[in-house]
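Next up, coords.cif (mmCIF, C-alpha atoms and all ligand atoms):
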data_data
#
loop_
_atom_site.label_atom_id
_atom_site.label_comp_id
_atom_site.auth_asym_id
_atom_site.auth_seq_id
_atom_site.Cartn_x
_atom_site.Cartn_y
_atom_site.Cartn_z
CA MET A 1 -14.83 -26.40 5.04
CA VAL A 2 -13.81 -23.05 6.37
CA ASN A 3 -15.79 -22.05 9.46
CA GLN A 4 -18.05 -19.02 8.96
CA LYS A 5 -16.34 -16.98 11.72
CA TYR A 6 -13.10 -17.05 9.71
CA LYS A 7 -14.91 -16.09 6.51
CA ASP A 8 -16.64 -13.19 8.26
CA ALA A 9 -13.32 -11.75 9.47
CA SER A 10 -11.79 -12.08 6.00
CA LEU A 11 -14.86 -10.63 4.27
CA ASP A 12 -14.70 -7.59 6.54
CA MET A 13 -11.00 -7.29 5.69
CA LEU A 14 -11.93 -7.36 1.98
CA GLU A 15 -14.41 -4.53 2.60
CA TYR A 16 -11.64 -2.52 4.24
CA ILE A 17 -9.29 -3.12 1.31
CA ASP A 18 -11.94 -2.40 -1.33
CA ALA A 19 -12.58 0.96 0.38
CA SER A 20 -8.85 1.74 0.25
CA PRO A 21 -7.42 2.27 -3.26
CA THR A 22 -4.73 4.60 -1.81
CA ALA A 23 -3.05 5.09 1.58
CA ALA A 24 -5.20 8.20 2.06
CA HIS A 25 -8.36 6.15 1.53
CA ALA A 26 -7.03 3.43 3.87
CA THR A 27 -6.52 6.13 6.50
CA ARG A 28 -9.96 7.61 5.93
CA GLU A 29 -11.57 4.18 6.26
CA ALA A 30 -9.56 3.52 9.44
CA ILE A 31 -10.81 6.84 10.84
CA ARG A 32 -14.40 5.98 9.91
CA ARG A 33 -14.11 2.75 11.87
CA LEU A 34 -12.39 4.46 14.82
CA GLU A 35 -15.01 7.20 15.02
CA ALA A 36 -17.81 4.60 14.89
CA SER A 37 -16.15 3.12 17.95
CA GLY A 38 -16.02 6.41 19.87
CA TYR A 39 -12.54 7.68 18.97
CA ARG A 40 -12.23 11.43 18.50
CA ARG A 41 -9.79 13.38 16.36
CA LEU A 42 -6.96 15.36 17.91
CA ASP A 43 -4.76 17.72 15.94
CA GLU A 44 -1.02 17.88 16.57
CA ALA A 45 -1.22 21.67 16.33
CA ASP A 46 -3.68 21.93 19.24
CA SER A 47 -3.16 21.66 22.96
CA TRP A 48 -4.13 18.16 24.16
CA LYS A 49 -5.95 17.35 27.36
CA ILE A 50 -6.18 13.61 27.54
CA GLY A 51 -6.94 11.53 30.59
CA ALA A 52 -7.56 7.90 31.50
CA GLY A 53 -10.06 6.10 29.29
CA GLU A 54 -9.73 8.66 26.50
CA LYS A 55 -10.02 7.27 22.97
CA PHE A 56 -8.44 9.44 20.29
CA TYR A 57 -6.63 9.42 16.98
CA VAL A 58 -4.28 11.77 15.18
CA THR A 59 -3.12 11.77 11.57
CA ARG A 60 -0.16 13.10 9.65
CA ASN A 61 -0.60 13.95 5.99
CA ASP A 62 -3.97 12.13 6.17
CA THR A 63 -2.05 9.01 5.11
CA SER A 64 -0.78 7.83 8.52
CA VAL A 65 -2.93 7.49 11.63
CA ILE A 66 -2.14 6.70 15.25
CA ALA A 67 -5.03 5.78 17.54
CA ALA A 68 -4.81 5.27 21.29
CA ARG A 69 -7.03 4.26 24.14
CA VAL A 70 -5.47 5.73 27.26
CA GLY A 71 -5.06 3.20 30.06
CA SER A 72 -6.61 3.49 33.50
CA GLY A 73 -3.23 3.03 35.23
CA LYS A 74 -0.10 5.16 35.43
CA CYS A 75 1.64 5.75 32.14
CA GLU A 76 5.11 5.38 33.71
CA GLU A 77 4.31 2.05 35.34
CA ASP A 78 1.87 0.45 32.92
CA GLY A 79 3.38 1.71 29.68
CA PHE A 80 2.04 1.10 26.19
CA ARG A 81 1.00 -1.91 24.16
CA ILE A 82 1.55 -0.89 20.56
CA VAL A 83 0.77 -2.42 17.19
CA GLY A 84 2.46 -1.08 14.05
CA ALA A 85 1.43 -1.65 10.42
CA HIS A 86 1.56 0.29 7.16
CA THR A 87 -1.12 1.92 5.00
CA ASP A 88 0.88 2.14 1.76
CA PHE A 89 1.52 -0.43 -0.96
CA PRO A 90 3.44 -0.52 -4.23
CA GLY A 91 1.73 1.14 -7.17
CA LEU A 92 1.72 3.66 -10.00
CA ARG A 93 1.45 7.42 -9.55
CA LEU A 94 0.76 10.09 -12.16
CA LYS A 95 3.68 12.36 -13.00
CA PRO A 96 3.16 16.17 -12.80
CA ASN A 97 2.94 16.61 -16.59
CA GLY A 98 1.78 13.06 -16.95
CA ILE A 99 -1.12 13.25 -19.41
CA TYR A 100 0.02 13.04 -23.02
CA SER A 101 -0.91 11.74 -26.47
CA LYS A 102 1.19 9.23 -28.38
CA ASN A 103 0.45 7.21 -31.51
CA GLY A 104 -3.24 8.05 -31.36
CA TYR A 105 -3.69 7.21 -27.67
CA ILE A 106 -4.11 9.33 -24.55
CA GLN A 107 -1.75 7.99 -21.90
CA LEU A 108 -0.72 8.52 -18.30
CA GLY A 109 2.97 8.93 -17.55
CA VAL A 110 3.48 7.20 -14.22
CA GLU A 111 6.15 6.89 -11.56
CA VAL A 112 6.52 3.53 -9.87
CA TYR A 113 6.02 3.72 -6.09
CA GLY A 114 7.86 1.07 -4.07
CA GLY A 115 8.65 -2.32 -5.55
CA PRO A 116 5.63 -3.83 -7.33
CA ILE A 117 5.76 -7.03 -9.39
CA VAL A 118 5.72 -4.97 -12.55
CA HIS A 119 4.29 -7.59 -14.91
CA SER A 120 1.27 -8.16 -12.65
CA TRP A 121 -0.02 -4.72 -13.69
CA PHE A 122 -0.37 -5.57 -17.38
CA ASP A 123 -3.79 -6.34 -18.89
CA ARG A 124 -5.65 -5.54 -15.68
CA ASP A 125 -8.73 -3.32 -15.43
CA LEU A 126 -7.40 -0.26 -13.64
CA GLY A 127 -9.16 2.57 -11.84
CA ILE A 128 -7.88 5.99 -10.79
CA ALA A 129 -8.00 7.36 -7.25
CA GLY A 130 -6.28 10.02 -5.22
CA ARG A 131 -6.44 13.35 -3.49
CA LEU A 132 -7.32 16.85 -4.62
CA VAL A 133 -7.04 20.17 -2.89
CA VAL A 134 -10.11 22.25 -3.74
CA GLU A 135 -10.28 25.79 -2.33
CA GLY A 136 -7.80 24.76 0.35
CA GLU A 137 -9.77 21.67 1.39
CA PRO A 138 -8.57 18.08 0.81
CA VAL A 139 -10.96 15.93 -1.23
CA LEU A 140 -10.57 12.21 -1.91
CA PHE A 141 -11.76 10.78 -5.19
CA ASP A 142 -12.06 7.30 -6.49
CA ILE A 143 -13.06 6.38 -10.07
CA ARG A 144 -14.57 2.91 -9.83
CA LYS A 145 -14.61 1.98 -13.48
CA PRO A 146 -11.92 0.52 -15.73
CA VAL A 147 -10.68 3.81 -17.16
CA CYS A 148 -7.21 2.57 -17.95
CA ARG A 149 -5.10 -0.41 -18.85
CA ILE A 150 -1.47 -1.28 -19.52
CA PRO A 151 -1.47 -3.40 -22.68
CA ASN A 152 0.91 -6.33 -23.08
CA LEU A 153 2.75 -6.96 -26.34
CA ALA A 154 1.58 -10.02 -28.31
CA PRO A 155 4.23 -12.75 -28.63
CA HIS A 156 3.88 -12.77 -32.45
CA ILE A 157 5.40 -9.34 -32.84
CA ARG A 158 8.15 -9.39 -30.25
CA VAL A 159 11.50 -8.61 -31.80
CA ASN A 160 13.43 -11.24 -29.84
CA LYS A 161 10.78 -13.94 -29.61
CA ASN A 162 12.86 -16.39 -27.64
CA GLU A 163 13.98 -13.97 -25.01
CA GLU A 164 12.09 -13.49 -21.81
CA LEU A 165 9.89 -10.39 -22.05
CA LYS A 166 11.53 -7.59 -20.09
CA PHE A 167 9.71 -4.47 -19.01
CA ASN A 168 11.11 -0.96 -19.04
CA LYS A 169 9.23 1.05 -16.43
CA GLN A 170 9.52 4.33 -18.34
CA ASP A 171 8.55 2.97 -21.76
CA HIS A 172 6.18 0.11 -21.07
CA MET A 173 4.19 1.06 -17.96
CA PRO A 174 2.14 4.14 -19.03
CA PRO A 175 -1.53 3.10 -19.03
CA VAL A 176 -3.78 4.07 -21.95
CA VAL A 177 -6.93 5.99 -20.98
CA GLY A 178 -8.42 6.67 -24.40
CA LEU A 179 -7.90 7.59 -28.02
CA GLY A 180 -6.94 11.01 -29.28
CA ASP A 181 -4.21 13.48 -30.08
CA GLU A 182 -2.92 16.87 -28.92
CA SER A 183 -6.24 18.53 -29.76
CA THR A 184 -8.06 16.00 -27.55
CA LEU A 185 -5.86 17.05 -24.63
CA GLU A 186 -6.87 20.70 -24.95
CA ALA A 187 -10.21 19.88 -23.32
CA GLU A 188 -8.34 18.26 -20.37
CA PRO A 189 -10.46 15.09 -20.40
CA VAL A 190 -8.67 13.39 -17.50
CA ARG A 191 -8.98 16.44 -15.26
CA LYS A 192 -12.67 16.68 -16.17
CA LEU A 193 -13.22 13.02 -15.36
CA ILE A 194 -11.52 13.38 -11.98
CA ALA A 195 -13.38 16.59 -11.10
CA GLU A 196 -16.67 15.00 -12.10
CA SER A 197 -16.07 11.88 -10.01
CA ALA A 198 -15.12 14.01 -7.00
CA GLY A 199 -18.11 16.30 -7.55
CA VAL A 200 -15.97 19.43 -7.63
CA ASP A 201 -15.46 22.36 -10.00
CA GLU A 202 -12.36 21.50 -12.05
CA SER A 203 -11.20 25.11 -12.16
CA LYS A 204 -10.97 25.10 -8.35
CA ILE A 205 -8.53 22.16 -8.12
CA SER A 206 -5.23 23.69 -6.98
CA THR A 207 -3.19 20.48 -6.76
CA TRP A 208 -3.63 16.73 -6.85
CA SER A 209 -2.03 13.38 -6.26
CA VAL A 210 -3.32 10.70 -8.61
CA GLU A 211 -2.76 6.94 -8.36
CA ILE A 212 -3.68 3.93 -10.46
CA PHE A 213 -5.21 0.93 -8.71
CA ASP A 214 -6.46 -2.55 -9.53
CA LEU A 215 -10.21 -2.41 -9.82
CA GLN A 216 -11.16 -6.03 -9.31
CA PRO A 217 -12.92 -6.41 -5.94
CA GLY A 218 -11.56 -8.87 -3.41
CA THR A 219 -13.09 -12.32 -3.12
CA LEU A 220 -12.81 -15.60 -1.29
CA GLY A 221 -11.46 -18.34 -3.57
CA GLY A 222 -10.38 -21.96 -3.81
CA MET A 223 -12.54 -25.10 -3.69
CA SER A 224 -13.77 -24.40 -0.15
CA ASP A 225 -13.26 -20.64 0.14
CA GLU A 226 -9.91 -21.31 1.80
CA PHE A 227 -8.19 -18.46 -0.06
CA VAL A 228 -8.52 -14.69 -0.25
CA PHE A 229 -7.69 -12.94 -3.53
CA VAL A 230 -7.28 -9.17 -3.53
CA ARG A 231 -4.70 -6.40 -4.01
CA SER A 232 -2.76 -4.79 -1.13
CA ILE A 233 -3.10 -7.57 1.47
CA ASP A 234 0.41 -6.35 2.29
CA ASN A 235 -0.28 -4.51 4.46
CA LEU A 236 -3.91 -3.44 4.63
CA ALA A 237 -4.82 -6.83 6.13
CA SER A 238 -2.61 -5.91 9.12
CA CYS A 239 -4.17 -2.44 9.38
CA HIS A 240 -7.59 -4.08 9.42
CA ALA A 241 -6.56 -6.58 12.10
CA ALA A 242 -5.09 -3.79 14.26
CA LEU A 243 -8.29 -1.75 13.94
CA GLU A 244 -10.53 -4.71 14.74
CA ALA A 245 -8.45 -5.64 17.78
CA LEU A 246 -8.26 -2.09 19.14
CA THR A 247 -11.93 -1.28 18.71
CA ASN A 248 -12.86 -4.52 20.52
CA ALA A 249 -10.17 -4.41 23.20
CA PRO A 250 -11.03 -4.37 26.92
CA ASP A 251 -10.19 -1.45 29.23
CA LYS A 252 -6.71 -1.93 30.69
CA PRO A 253 -4.23 -0.09 32.97
CA PHE A 254 -1.81 0.22 30.02
CA THR A 255 -2.49 2.35 26.95
CA GLN A 256 -3.36 0.53 23.73
CA VAL A 257 -1.99 2.09 20.56
CA ILE A 258 -2.16 1.30 16.87
CA ALA A 259 0.23 3.12 14.54
CA LEU A 260 -0.63 2.77 10.85
CA PHE A 261 2.19 4.39 8.92
CA ASP A 262 2.47 5.51 5.32
CA ASN A 263 5.65 5.08 3.27
CA GLU A 264 6.96 1.74 4.56
CA GLU A 265 7.38 0.60 0.96
CA ILE A 266 9.88 3.38 0.28
CA GLY A 267 11.86 3.16 3.51
CA SER A 268 9.64 5.07 6.00
CA ALA A 269 11.82 8.20 6.00
CA THR A 270 9.04 10.79 5.68
CA MET A 271 7.32 13.07 8.21
CA GLN A 272 4.43 10.61 8.43
CA GLY A 273 6.53 7.42 8.14
CA ALA A 274 7.71 5.01 10.83
CA ALA A 275 11.17 6.63 10.87
CA SER A 276 9.64 9.98 11.91
CA ARG A 277 8.95 11.21 15.45
CA PHE A 278 5.20 10.74 15.00
CA LEU A 279 4.80 7.80 17.38
CA ASP A 280 7.27 9.20 19.96
CA ALA A 281 5.39 12.49 19.98
CA VAL A 282 1.99 10.86 20.58
CA ILE A 283 3.34 8.65 23.38
CA GLU A 284 5.13 11.52 25.05
CA ARG A 285 2.04 13.72 24.93
CA ILE A 286 0.04 10.99 26.68
CA CYS A 287 2.70 10.99 29.45
CA LEU A 288 2.47 14.78 29.80
CA ALA A 289 -0.45 14.37 32.21
CA SER A 290 1.95 12.77 34.72
CA GLU A 291 3.64 14.67 37.56
CA SER A 292 7.13 14.41 36.06
CA PRO A 293 6.33 13.91 32.39
CA ARG A 294 9.83 13.58 30.95
CA GLU A 295 10.79 10.83 33.36
CA ALA A 296 7.36 9.23 32.98
CA PHE A 297 7.98 9.07 29.22
CA TYR A 298 11.27 7.20 29.63
CA ARG A 299 9.82 4.85 32.26
CA ALA A 300 6.81 4.20 30.03
CA ILE A 301 9.13 3.36 27.11
CA ALA A 302 10.88 0.78 29.31
CA ASN A 303 7.52 -0.75 30.24
CA SER A 304 6.14 -0.98 26.71
CA ILE A 305 6.09 -3.46 23.88
CA ILE A 306 5.45 -3.23 20.12
CA MET A 307 4.03 -5.86 17.83
CA SER A 308 5.00 -4.95 14.27
CA VAL A 309 2.63 -6.60 11.80
CA ASP A 310 3.39 -7.09 8.10
CA GLY A 311 2.95 -9.73 5.40
CA ALA A 312 5.11 -12.90 5.36
CA HIS A 313 6.04 -15.19 2.47
CA ALA A 314 4.00 -18.42 2.41
CA ILE A 315 5.49 -21.35 0.51
CA ASN A 316 4.84 -21.08 -3.22
CA PRO A 317 4.57 -24.71 -4.38
CA ASN A 318 5.97 -23.86 -7.81
CA TYR A 319 9.01 -22.10 -6.41
CA ALA A 320 9.65 -24.14 -3.26
CA GLU A 321 13.41 -23.71 -3.76
CA ALA A 322 13.03 -20.00 -2.95
CA HIS A 323 12.10 -20.81 0.65
CA GLU A 324 14.10 -22.04 3.63
CA PRO A 325 13.37 -25.80 3.52
CA ARG A 326 12.61 -26.21 7.23
CA HIS A 327 10.56 -23.01 7.56
CA HIS A 328 7.76 -23.40 5.06
CA LEU A 329 4.84 -21.12 5.94
CA VAL A 330 1.42 -22.44 5.04
CA LEU A 331 -1.76 -20.50 4.33
CA ASN A 332 -4.29 -20.94 7.16
CA GLY A 333 -1.39 -22.08 9.36
CA GLY A 334 -1.73 -19.09 11.67
CA VAL A 335 0.33 -16.03 12.48
CA VAL A 336 3.97 -15.90 11.45
CA HIS A 337 6.78 -14.94 13.82
CA LYS A 338 9.59 -13.51 11.66
CA VAL A 339 13.17 -14.19 12.63
CA ASN A 340 16.36 -12.69 11.24
CA ALA A 341 19.79 -12.93 12.86
CA ASN A 342 20.79 -9.62 11.29
CA GLU A 343 17.80 -7.82 12.85
CA ARG A 344 15.98 -7.08 9.62
CA TYR A 345 13.16 -8.28 11.87
CA THR A 346 13.22 -7.41 15.55
CA GLY A 347 12.70 -9.80 18.39
CA GLN A 348 14.18 -9.09 21.81
CA ILE A 349 13.87 -12.35 23.63
CA ASP A 350 11.30 -11.13 26.17
CA ALA A 351 9.20 -9.63 23.35
CA VAL A 352 9.21 -13.05 21.69
CA ALA A 353 8.16 -14.65 24.98
CA HIS A 354 5.30 -12.13 25.15
CA LEU A 355 4.26 -13.13 21.63
CA VAL A 356 4.28 -16.83 22.49
CA LYS A 357 2.17 -16.20 25.58
CA CYS A 358 -0.35 -14.09 23.63
CA ALA A 359 -0.60 -16.76 20.93
CA GLU A 360 -1.25 -19.49 23.50
CA LYS A 361 -3.96 -17.48 25.22
CA ALA A 362 -5.57 -16.51 21.92
CA GLU A 363 -5.37 -20.12 20.68
CA CYS A 364 -3.60 -18.72 17.64
CA PRO A 365 -1.23 -21.12 15.86
CA LEU A 366 2.27 -19.68 15.37
CA GLN A 367 4.63 -20.48 12.51
CA LYS A 368 8.21 -19.28 12.24
CA PHE A 369 9.72 -17.59 9.22
CA VAL A 370 13.37 -17.29 8.42
CA ALA A 371 14.74 -16.64 4.93
CA ARG A 372 17.20 -18.84 3.05
CA THR A 373 20.72 -17.97 4.20
CA ASP A 374 21.75 -17.17 0.60
CA VAL A 375 18.72 -15.03 -0.23
CA GLY A 376 18.26 -12.47 2.52
CA THR A 377 14.95 -10.90 3.30
CA GLY A 378 12.88 -7.75 3.29
CA SER A 379 12.40 -5.62 6.35
CA THR A 380 9.55 -3.71 7.91
CA ILE A 381 8.69 -1.00 10.41
CA GLY A 382 9.55 -3.10 13.50
CA PRO A 383 13.33 -2.56 13.56
CA MET A 384 12.84 1.13 12.79
CA THR A 385 10.38 1.90 15.58
CA ALA A 386 12.29 -0.29 18.05
CA THR A 387 15.53 1.56 17.29
CA ARG A 388 13.97 5.02 17.41
CA LEU A 389 11.96 4.52 20.56
CA GLY A 390 13.95 1.91 22.45
CA ILE A 391 10.82 -0.18 22.93
CA ARG A 392 11.00 -3.96 22.88
CA SER A 393 9.47 -5.21 19.68
CA VAL A 394 8.57 -8.38 17.83
CA ASP A 395 7.82 -8.84 14.12
CA VAL A 396 4.83 -10.90 13.08
CA GLY A 397 2.65 -11.19 9.98
CA GLY A 398 0.09 -13.12 8.02
CA PRO A 399 1.34 -15.65 5.44
CA ILE A 400 0.66 -14.53 1.87
CA LEU A 401 1.54 -15.44 -1.72
CA SER A 402 2.41 -13.07 -4.57
CA MET A 403 3.54 -10.28 -2.22
CA HIS A 404 3.67 -6.97 -4.15
CA SER A 405 1.62 -8.34 -7.03
CA THR A 406 -1.39 -6.23 -7.91
CA ARG A 407 -3.45 -9.30 -6.95
CA GLU A 408 -2.14 -10.98 -3.80
CA MET A 409 -3.37 -14.11 -2.07
CA ALA A 410 -3.82 -15.18 1.56
CA GLY A 411 -5.58 -17.86 3.63
CA THR A 412 -9.14 -17.17 4.81
CA GLU A 413 -8.50 -18.34 8.40
CA ASP A 414 -5.40 -16.29 9.08
CA GLN A 415 -7.13 -12.91 9.41
CA LEU A 416 -9.13 -13.95 12.48
CA HIS A 417 -6.03 -15.56 13.98
CA MET A 418 -4.22 -12.23 13.62
CA ILE A 419 -7.10 -10.25 15.11
CA ASN A 420 -7.27 -12.63 18.09
CA LEU A 421 -3.52 -12.43 18.64
CA ILE A 422 -3.51 -8.61 18.64
CA ARG A 423 -6.55 -8.52 20.93
CA GLU A 424 -4.61 -10.67 23.36
CA HIS A 425 -1.64 -8.28 23.09
CA PHE A 426 -4.10 -5.55 24.11
CA SER A 427 -5.55 -7.60 26.99
ZN ZN B 1 4.53 -4.74 3.89
#
Here is a file; write its structure as structure tokens.
Ligand SMILES: [Zn+2]
Amino acid sequence: MVNQKYKDASLDMLEYIDASPTAAHATREAIRRLEASGYRRLDEADSWKIGAGEKFYVTRNDTSVIAARVGSGKCEEDGFRIVGAHTDFPGLRLKPNGIYSKNGYIQLGVEVYGGPIVHSWFDRDLGIAGRLVVEGEPVLFDIRKPVCRIPNLAPHIRVNKNEELKFNKQDHMPPVVGLGDESTLEAEPVRKLIAESAGVDESKISTWSVEIFDLQPGTLGGMSDEFVFVRSIDNLASCHAALEALTNAPDKPFTQVIALFDNEEIGSATMQGAASRFLDAVIERICLASESPREAFYRAIANSIIMSVDGAHAINPNYAEAHEPRHHLVLNGGVVHKVNANERYTGQIDAVAHLVKCAEKAECPLQKFVARTDVGTGSTIGPMTATRLGIRSVDVGGPILSMHSTREMAGTEDQLHMINLIREHFS
């Protein structure tokens, strides 16, 4: 049986994910948790006065958030302990002129964001969520009912019955939201629905960003609750673990930082992504309180370390040949240290030694991931932030199945292991 303490950590993670149908919602929920723990908002446009012990956060685009607890020591000598993760996940986003009628249906023309497992989106109950700007103010909305669905084609009527069903993203992905024709659209039913759910006057919406999300709430599963089933474990589970660890971390001479970035799934090259100067800017501004701030910044960089946290591929028993035979990751086997000779994952040797020490102290089992030599691997924010900042960095993650499916799967025990590991990194 799975011990209750593991279930509690995973259930809280499920609450975080259920509150986060978009990266903006994931950021809002992160901020809610930070503020409940005494963190205050700073704006990049303001002048900052931050001293030892200060707990603050700052966002860009309201979809990335960096939170820091300023250490009691000297920034140049004690440096930063940083955790990086990402708030975004693959999905479907409404096109500008995306609402149309076709063959008696009202449909949503969607762009595909990142690299989802396309077929996992078919025949699911889908909700709509996103952001509006109403009289200059941002408003989040979140329609928690199955307003749309992407219907599969029955096998009986497929033209080439014996061929594998292939999906064309332009033709086959637009969800249906109702029945109707051009005259139905005149009343702007989708806009009305969104305005109503957000509690705003539809005529005052100046712009929006609208996303489709899987509505089914997360749950524990398996014979003994050993599994977690939910969307977006990659990488909201890591955001949750970073938040839990930071808000429960002890006071230290070094500064503890979590950086939850948007846009990892599309390469991070945005003003709020991990390839931007967002993290550098926050770190440098913390060093500005020193006597010689520019030098303090560079010394702090040399005395800092980043743990980059993102999902890892657990062994899929039905596709075991896809995995490196001597590096099978198991669910509930603990945190994964990711290795790649070509630096798709980072791991300066002293950063790896730091990881091993943290894992020992936290009593967190460690497993090692390396991809098959003939397959290659994904990447994550670790190499990017390490390159940009020149901070030693190590890539870790929780083992999951069905990465980038609209319903992913993890082990119930691994969330607490990850929280404990990050807390040790902050200790
Ligand atoms: Zn990821």
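A distance cut-off of 10 Å around (-9.4, 14.3, -22.5), counting all atoms listed in the file, selects these protein and nucleic acid residues: A:Ile99, A:Tyr100, A:Ser101, A:Ile106, A:Gln107, A:Val177, A:Gly178, A:Leu179, A:Gly180, A:Asp181, A:Glu182, A:Ser183, A:Thr184, A:Leu185, A:Glu186, A:Ala187, A:Glu188, A:Pro189, A:Val190, A:Arg191, A:Lys192, A:Leu193.
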Please produce an output containing C-alpha atoms for each residue in the selection, written as a compact mmCIF listing (two decimals), in the coordinates of the input.
# COMPACT_ATOMS: atom_id res chain seq x y z
CA ILE A 99 -1.12 13.25 -19.41
CA TYR A 100 0.02 13.04 -23.02
CA SER A 101 -0.91 11.74 -26.47
CA ILE A 106 -4.11 9.33 -24.55
CA GLN A 107 -1.75 7.99 -21.90
CA VAL A 177 -6.93 5.99 -20.98
CA GLY A 178 -8.42 6.67 -24.40
CA LEU A 179 -7.90 7.59 -28.02
CA GLY A 180 -6.94 11.01 -29.28
CA ASP A 181 -4.21 13.48 -30.08
CA GLU A 182 -2.92 16.87 -28.92
CA SER A 183 -6.24 18.53 -29.76
CA THR A 184 -8.06 16.00 -27.55
CA LEU A 185 -5.86 17.05 -24.63
CA GLU A 186 -6.87 20.70 -24.95
CA ALA A 187 -10.21 19.88 -23.32
CA GLU A 188 -8.34 18.26 -20.37
CA PRO A 189 -10.46 15.09 -20.40
CA VAL A 190 -8.67 13.39 -17.50
CA ARG A 191 -8.98 16.44 -15.26
CA LYS A 192 -12.67 16.68 -16.17
CA LEU A 193 -13.22 13.02 -15.36
At a cut-off of 12 Å and counting all atoms listed in the file, what residues surround ligand ZN 1 (chain B)? Please answer as a PyMOL selection string. chain A and resi 84-90+114-116+232-239+260-268+308-313+378-382+395-400+403-405+408
Counting only C-alpha atoms, the residue among A:Ile349, A:His156, A:Ser276, A:Arg33 that lies closest to Asp12 in chain A is A:Arg33
Of A:Thr387, A:Asn168, A:Thr412, A:Ser20, the one nearest to Gly221 in chain A when counting only C-alpha atoms is A:Thr412
Residues within 7 Å of Arg344 in chain A, please, as a list in words. Count all atoms listed in the file; anything in the same chain fewer than 2 positions from it doesn't count. Asn340, Asn342, Thr346, Ser379 and Pro383 of chain A
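A straight line drawn from CA of Leu416 in chain A to CA of Gln367 in chain A is 15.2 Å long.
Taking CA of Glu360 in chain A as the reference point, CA of Leu11 in chain A is found at 25.2 Å.
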Go through range 49-167 of chain A residue by residue and, counting all atoms listed in the file, keep those with an atom at most 12 Å from range 210-218 of chain A; for each kept residue give the shortest atom pair and its distance in Å to one decimal, ordered by chain and increasing number, as CSV.
residue,atom,partner,partner_atom,distance
A:Asp88,CA,A:Glu211,CA,11.8
A:Phe89,CA,A:Phe213,CA,10.4
A:Pro90,CA,A:Phe213,CA,9.8
A:Gly91,CA,A:Ile212,CA,6.9
A:Leu92,CA,A:Ile212,CA,5.4
A:Arg93,CA,A:Glu211,CA,4.4
A:Leu94,CA,A:Val210,CA,5.4
A:Lys95,CA,A:Val210,CA,8.4
A:Pro96,CA,A:Val210,CA,9.5
A:Asn97,CA,A:Val210,CA,11.7
A:Gly98,CA,A:Val210,CA,10.1
A:Ile99,CA,A:Val210,CA,11.3
A:Leu108,CA,A:Ile212,CA,9.6
A:Gly109,CA,A:Ile212,CA,10.9
A:Val110,CA,A:Glu211,CA,8.6
A:Glu111,CA,A:Glu211,CA,9.5
A:Val112,CA,A:Glu211,CA,10.0
A:Tyr113,CA,A:Glu211,CA,9.6
A:Pro116,CA,A:Phe213,CA,11.9
A:Ser120,CA,A:Asp214,CA,10.0
A:Trp121,CA,A:Asp214,CA,8.0
A:Phe122,CA,A:Asp214,CA,10.4
A:Asp123,CA,A:Asp214,CA,10.4
A:Arg124,CA,A:Asp214,CA,6.9
A:Asp125,CA,A:Leu215,CA,5.9
A:Leu126,CA,A:Asp214,CA,4.8
A:Gly127,CA,A:Phe213,CA,5.3
A:Ile128,CA,A:Ile212,CA,4.7
A:Ala129,CA,A:Glu211,CA,5.4
A:Gly130,CA,A:Val210,CA,4.6
A:Arg131,CA,A:Val210,CA,6.6
A:Leu132,CA,A:Val210,CA,8.4
A:Val133,CA,A:Val210,CA,11.7
A:Val139,CA,A:Val210,CA,11.8
A:Leu140,CA,A:Val210,CA,10.0
A:Phe141,CA,A:Val210,CA,9.1
A:Asp142,CA,A:Glu211,CA,9.5
A:Ile143,CA,A:Leu215,CA,9.2
A:Arg144,CA,A:Leu215,CA,6.9
A:Lys145,CA,A:Leu215,CA,7.2
A:Pro146,CA,A:Leu215,CA,6.8
A:Val147,CA,A:Leu215,CA,9.6
A:Cys148,CA,A:Ile212,CA,8.4
A:Arg149,CA,A:Ile212,CA,9.6
A:Ile150,CA,A:Ile212,CA,10.7
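Counting from CA of Ile205 in chain A, the distance to CA of Ser64 in chain A is 23.3 Å.
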Could you check the closest approach to Glu343 in chain A for each of A:Gly79, A:Ala198, A:Tyr319, A:Thr377 and tell me which residue wins, using all atoms listed in the file? A:Thr377
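When all atoms listed in the file are used to measure the gap to Arg294 in chain A, the shortest distance among A:Val200, A:Gly273, A:Glu76, A:Leu153 belongs to A:Glu76.
Compared by their closest atoms to Leu355 in chain A, and using only C-alpha atoms, the residues A:Glu137, A:Asp46, A:Glu424, A:Glu324 rank with A:Glu424 nearest.
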Close residues, Ala24 in chain A itself excluded, 7 Å, all atoms listed in the file, min 4 positions apart in chain, as a short mmCIF file (atom, residue, chain, number, x, y, z; two decimals) with C-alpha atoms, in the frame of the given file:
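Okay, this is what ended up in selection11.cif:
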data_model
loop_
_atom_site.label_atom_id
_atom_site.label_comp_id
_atom_site.auth_asym_id
_atom_site.auth_seq_id
_atom_site.Cartn_x
_atom_site.Cartn_y
_atom_site.Cartn_z
CA ARG A 28 -9.96 7.61 5.93
CA ASP A 62 -3.97 12.13 6.17
CA THR A 63 -2.05 9.01 5.11
#
Write out as a list of chain:residue names which residues come within 9 Å of range 298-305 of chain A when counting all atoms listed in the file, dropping same-chain ones fewer than 2 positions away. A:Lys74, A:Cys75, A:Glu76, A:Glu77, A:Asp78, A:Gly79, A:Phe80, A:Arg81, A:Ile82, A:Val83, A:Phe254, A:Ile283, A:Glu284, A:Cys287, A:Pro293, A:Arg294, A:Glu295, A:Ala296, A:Met307, A:Ala351, A:His354, A:Leu389, A:Gly390, A:Ile391, A:Arg392, A:Ser393, A:Val394
Polymer residues at most 12 Å from Leu246 in chain A, all atoms listed in the file, same-chain spacing of 3 or more positions, as an NGL selection string: :A and (30 or 33-34 or 37-39 or 55-57 or 66-70 or 81-84 or 239-243 or 249-252 or 255-259 or 419-427)
